[in-house]
Amino acid sequence: MLELKNINKAFGNRVIYRNFNLTIQDGDTLGIVGPSGAGKTTLLRMITGLEPIDSGELLLNGTPIDPFRNRADAGKVGVVFQDFQLFPHLDVLANVLIGPVYAQHTDRAAATQAAEKLLTQLGLADHARDYPYQLSGGQQQRVAIARALALQPAVLAYDEPTSALDPAMTADVAQLIKGFARQGMTQLIVTHDMPFIDQIQPRVITVGRDDDAQVSA
Ligand SMILES: Nc1ncnc2c1ncn2[C@@H]1O[C@H](COP(=O)(O)OP(=O)(O)OP(=O)(O)O)[C@@H](O)[C@H]1O
């Protein structure tokens with residue numbers, strides 16, 4: 001269970017979150033929707049440690065985490081970025097291995113075995129030696145998902161996962177996310193793509209609806 005408690009976040013004098021609370025239960029798939037500028041990406045950046053919170057608490061299974069300052073906590077929420085952010089000079093397998101081997105110091109042989117299993121699950125076994133530029137947008141996104149999963153995160157978060165995809169690829173991602181949900185994975189989807197949300201039908205919270213600063217969810 002991931003909990004955000006009384007989170008405050010401002011950029012200069014622009015308050016984005018004021019005493020914001022959110023609980024994501026284990027195995028839940030949560031959609032976060034809202035207009036541009038509402039603070040959706042900022043929320044993901046705070047829980048993945050890319051952005052500090054001003055005050056408040058992040059708790060994972062009841063234990064406080066500080067992903068911004070503590071590298072080990074940063075890996076607890078995996079994130080799939082909208083532009084995938086794959087390393088262009090590394091092949092698919094190396095992109096998936098870089099987190100476990102260099103950040104988590106997992107034994108390379110064990111990490112390779114786990115990465116190959118993930119690539120097979122995601123239909124990428126034949127592309128392990130390809131470079132990102134040789135892959136379609138949908139395939140690159142699946143590599144980004146494999147890379148995030150390789151760190152065995154407690155929560156997998158997606159930032160606008162359909163923004164670079166056509167409708168057929170979007171339907172594939174929706175199926176993938178629904179499959180992960182059936183496996184009991186905890187997922188957080190930031191999007192403004194409502195037809196995509198309709199395909200997945202997760203619990204949905206809307207940010208930025210009534211008020212400038214987000215106060216609760
Ligand atoms: N590093 C930053 N410095 C200053 N302001 C920022 C910074 N990051 C985000 N903001 C501002 O915070 C607000 C929320 O931004 P955020 O990217 O979280 O919104 P969003 O809901 O994800 O929007 P979009 O749907 O367009 O991606 C915006 O007004 C944005 O300009």
# chains A, B, ... in the order shown; residues from 1 in each chain; ligands from 1
call {"tool": "closest_atom_pairs", "arguments": {"of": "chain A", "to": "ligand 1", "cutoff": "12 Å", "atoms": "only C-alpha atoms and all ligand atoms", "output": "JSON lines"}}
result
{"residue": "A:Lys9", "atom": "CA", "partner": "ligand 1", "partner_atom_place_in_ligand_line": "12 (O)", "distance": 9.3}
{"residue": "A:Ala10", "atom": "CA", "partner": "ligand 1", "partner_atom_place_in_ligand_line": "12 (O)", "distance": 7.7}
{"residue": "A:Phe11", "atom": "CA", "partner": "ligand 1", "partner_atom_place_in_ligand_line": "4 (C)", "distance": 4.9}
{"residue": "A:Gly12", "atom": "CA", "partner": "ligand 1", "partner_atom_place_in_ligand_line": "4 (C)", "distance": 7.1}
{"residue": "A:Asn13", "atom": "CA", "partner": "ligand 1", "partner_atom_place_in_ligand_line": "5 (N)", "distance": 9.6}
{"residue": "A:Arg14", "atom": "CA", "partner": "ligand 1", "partner_atom_place_in_ligand_line": "12 (O)", "distance": 7.5}
{"residue": "A:Val15", "atom": "CA", "partner": "ligand 1", "partner_atom_place_in_ligand_line": "12 (O)", "distance": 8.2}
{"residue": "A:Ile16", "atom": "CA", "partner": "ligand 1", "partner_atom_place_in_ligand_line": "13 (C)", "distance": 6.3}
{"residue": "A:Tyr17", "atom": "CA", "partner": "ligand 1", "partner_atom_place_in_ligand_line": "14 (C)", "distance": 9.4}
{"residue": "A:Ile32", "atom": "CA", "partner": "ligand 1", "partner_atom_place_in_ligand_line": "21 (O)", "distance": 9.3}
{"residue": "A:Val33", "atom": "CA", "partner": "ligand 1", "partner_atom_place_in_ligand_line": "21 (O)", "distance": 8.0}
{"residue": "A:Gly34", "atom": "CA", "partner": "ligand 1", "partner_atom_place_in_ligand_line": "21 (O)", "distance": 6.3}
{"residue": "A:Pro35", "atom": "CA", "partner": "ligand 1", "partner_atom_place_in_ligand_line": "25 (O)", "distance": 5.8}
{"residue": "A:Ser36", "atom": "CA", "partner": "ligand 1", "partner_atom_place_in_ligand_line": "25 (O)", "distance": 3.5}
{"residue": "A:Gly37", "atom": "CA", "partner": "ligand 1", "partner_atom_place_in_ligand_line": "19 (O)", "distance": 3.5}
{"residue": "A:Ala38", "atom": "CA", "partner": "ligand 1", "partner_atom_place_in_ligand_line": "21 (O)", "distance": 3.7}
{"residue": "A:Gly39", "atom": "CA", "partner": "ligand 1", "partner_atom_place_in_ligand_line": "18 (O)", "distance": 3.1}
{"residue": "A:Lys40", "atom": "CA", "partner": "ligand 1", "partner_atom_place_in_ligand_line": "21 (O)", "distance": 3.8}
{"residue": "A:Thr41", "atom": "CA", "partner": "ligand 1", "partner_atom_place_in_ligand_line": "22 (O)", "distance": 3.6}
{"residue": "A:Thr42", "atom": "CA", "partner": "ligand 1", "partner_atom_place_in_ligand_line": "18 (O)", "distance": 3.6}
{"residue": "A:Leu43", "atom": "CA", "partner": "ligand 1", "partner_atom_place_in_ligand_line": "18 (O)", "distance": 6.4}
{"residue": "A:Leu44", "atom": "CA", "partner": "ligand 1", "partner_atom_place_in_ligand_line": "18 (O)", "distance": 8.1}
{"residue": "A:Arg45", "atom": "CA", "partner": "ligand 1", "partner_atom_place_in_ligand_line": "18 (O)", "distance": 8.2}
{"residue": "A:Met46", "atom": "CA", "partner": "ligand 1", "partner_atom_place_in_ligand_line": "18 (O)", "distance": 9.7}
{"residue": "A:Leu50", "atom": "CA", "partner": "ligand 1", "partner_atom_place_in_ligand_line": "1 (N)", "distance": 10.1}
{"residue": "A:Glu51", "atom": "CA", "partner": "ligand 1", "partner_atom_place_in_ligand_line": "1 (N)", "distance": 8.1}
{"residue": "A:Pro52", "atom": "CA", "partner": "ligand 1", "partner_atom_place_in_ligand_line": "1 (N)", "distance": 10.3}
{"residue": "A:Ile53", "atom": "CA", "partner": "ligand 1", "partner_atom_place_in_ligand_line": "1 (N)", "distance": 12.0}
{"residue": "A:Phe81", "atom": "CA", "partner": "ligand 1", "partner_atom_place_in_ligand_line": "27 (O)", "distance": 11.3}
{"residue": "A:Gln82", "atom": "CA", "partner": "ligand 1", "partner_atom_place_in_ligand_line": "27 (O)", "distance": 9.8}
{"residue": "A:Tyr158", "atom": "CA", "partner": "ligand 1", "partner_atom_place_in_ligand_line": "22 (O)", "distance": 11.6}
{"residue": "A:Asp159", "atom": "CA", "partner": "ligand 1", "partner_atom_place_in_ligand_line": "22 (O)", "distance": 8.3}
{"residue": "A:Glu160", "atom": "CA", "partner": "ligand 1", "partner_atom_place_in_ligand_line": "27 (O)", "distance": 7.8}
{"residue": "A:Pro161", "atom": "CA", "partner": "ligand 1", "partner_atom_place_in_ligand_line": "27 (O)", "distance": 11.5}
{"residue": "A:Ser163", "atom": "CA", "partner": "ligand 1", "partner_atom_place_in_ligand_line": "27 (O)", "distance": 10.4}
{"residue": "A:Ile189", "atom": "CA", "partner": "ligand 1", "partner_atom_place_in_ligand_line": "22 (O)", "distance": 11.6}
{"residue": "A:Val190", "atom": "CA", "partner": "ligand 1", "partner_atom_place_in_ligand_line": "22 (O)", "distance": 7.9}
{"residue": "A:Thr191", "atom": "CA", "partner": "ligand 1", "partner_atom_place_in_ligand_line": "25 (O)", "distance": 7.2}
{"residue": "A:His192", "atom": "CA", "partner": "ligand 1", "partner_atom_place_in_ligand_line": "25 (O)", "distance": 6.6}
{"residue": "A:Asp193", "atom": "CA", "partner": "ligand 1", "partner_atom_place_in_ligand_line": "25 (O)", "distance": 10.0}
{"residue": "A:Thr206", "atom": "CA", "partner": "ligand 1", "partner_atom_place_in_ligand_line": "21 (O)", "distance": 10.2}
{"residue": "A:Val207", "atom": "CA", "partner": "ligand 1", "partner_atom_place_in_ligand_line": "21 (O)", "distance": 7.8}
{"residue": "A:Gly208", "atom": "CA", "partner": "ligand 1", "partner_atom_place_in_ligand_line": "21 (O)", "distance": 7.9}
{"residue": "A:Arg209", "atom": "CA", "partner": "ligand 1", "partner_atom_place_in_ligand_line": "21 (O)", "distance": 11.1}
{"residue": "A:Asp212", "atom": "CA", "partner": "ligand 1", "partner_atom_place_in_ligand_line": "29 (O)", "distance": 9.7}
{"residue": "A:Ala213", "atom": "CA", "partner": "ligand 1", "partner_atom_place_in_ligand_line": "13 (C)", "distance": 9.8}
{"residue": "A:Gln214", "atom": "CA", "partner": "ligand 1", "partner_atom_place_in_ligand_line": "14 (C)", "distance": 10.6}
call {"tool": "select_by_dssp", "arguments": {"residues": "chain A", "states": "strand (DSSP E or B)", "output": "VMD selection string"}}
result
chain A and resid 2 to 11 14 to 24 29 to 33 55 to 60 63 to 65 77 to 80 155 to 159 187 to 190 203 to 206 214
call {"tool": "atom_distance", "arguments": {"atom1": "atom CA of Leu93 of chain A", "atom2": "atom CA of Gly75 of chain A"}}
result
19.0 Å
call {"tool": "closest_residue", "arguments": {"among": "A:Leu30, A:Leu165, A:Ala157, A:Ala144", "to": "Ile197 of chain A", "atoms": "only C-alpha atoms"}}
result
A:Leu30
call {"tool": "decode", "arguments": {"residues": "segment 135-171 of chain A", "atoms": "C-alpha atoms", "output": "short mmCIF file (atom, residue, chain, number, x, y, z; two decimals), in the first residue's frame"}}
result
data_model
loop_
_atom_site.label_atom_id
_atom_site.label_comp_id
_atom_site.auth_asym_id
_atom_site.auth_seq_id
_atom_site.Cartn_x
_atom_site.Cartn_y
_atom_site.Cartn_z
CA LEU A 135 11.78 -0.81 -32.70
CA SER A 136 8.26 0.56 -33.15
CA GLY A 137 6.84 2.97 -30.57
CA GLY A 138 4.79 0.18 -28.97
CA GLN A 139 7.85 -2.09 -28.76
CA GLN A 140 9.94 0.70 -27.24
CA GLN A 141 7.27 1.22 -24.64
CA ARG A 142 7.27 -2.47 -23.75
CA VAL A 143 11.06 -2.26 -23.30
CA ALA A 144 10.49 0.70 -20.97
CA ILE A 145 7.95 -1.40 -19.04
CA ALA A 146 10.40 -4.34 -18.87
CA ARG A 147 13.11 -1.98 -17.65
CA ALA A 148 10.85 -0.64 -14.90
CA LEU A 149 9.72 -4.16 -13.88
CA ALA A 150 13.30 -5.42 -13.75
CA LEU A 151 13.76 -3.35 -10.59
CA GLN A 152 10.88 -5.27 -8.99
CA PRO A 153 9.05 -2.11 -7.91
CA ALA A 154 6.17 -2.22 -5.43
CA VAL A 155 4.21 0.11 -7.72
CA LEU A 156 4.46 0.60 -11.49
CA ALA A 157 3.58 4.10 -12.69
CA TYR A 158 2.96 5.26 -16.25
CA ASP A 159 3.16 8.89 -17.38
CA GLU A 160 0.86 9.50 -20.36
CA PRO A 161 1.51 5.99 -21.71
CA THR A 162 -0.47 6.48 -24.90
CA SER A 163 0.81 9.86 -26.03
CA ALA A 164 3.22 8.36 -28.60
CA LEU A 165 0.99 5.46 -29.68
CA ASP A 166 -1.61 4.89 -32.39
CA PRO A 167 -5.06 3.43 -31.47
CA ALA A 168 -4.02 -0.20 -32.08
CA MET A 169 -0.92 0.17 -29.91
CA THR A 170 -3.02 1.97 -27.29
CA ALA A 171 -5.37 -1.02 -27.17
#
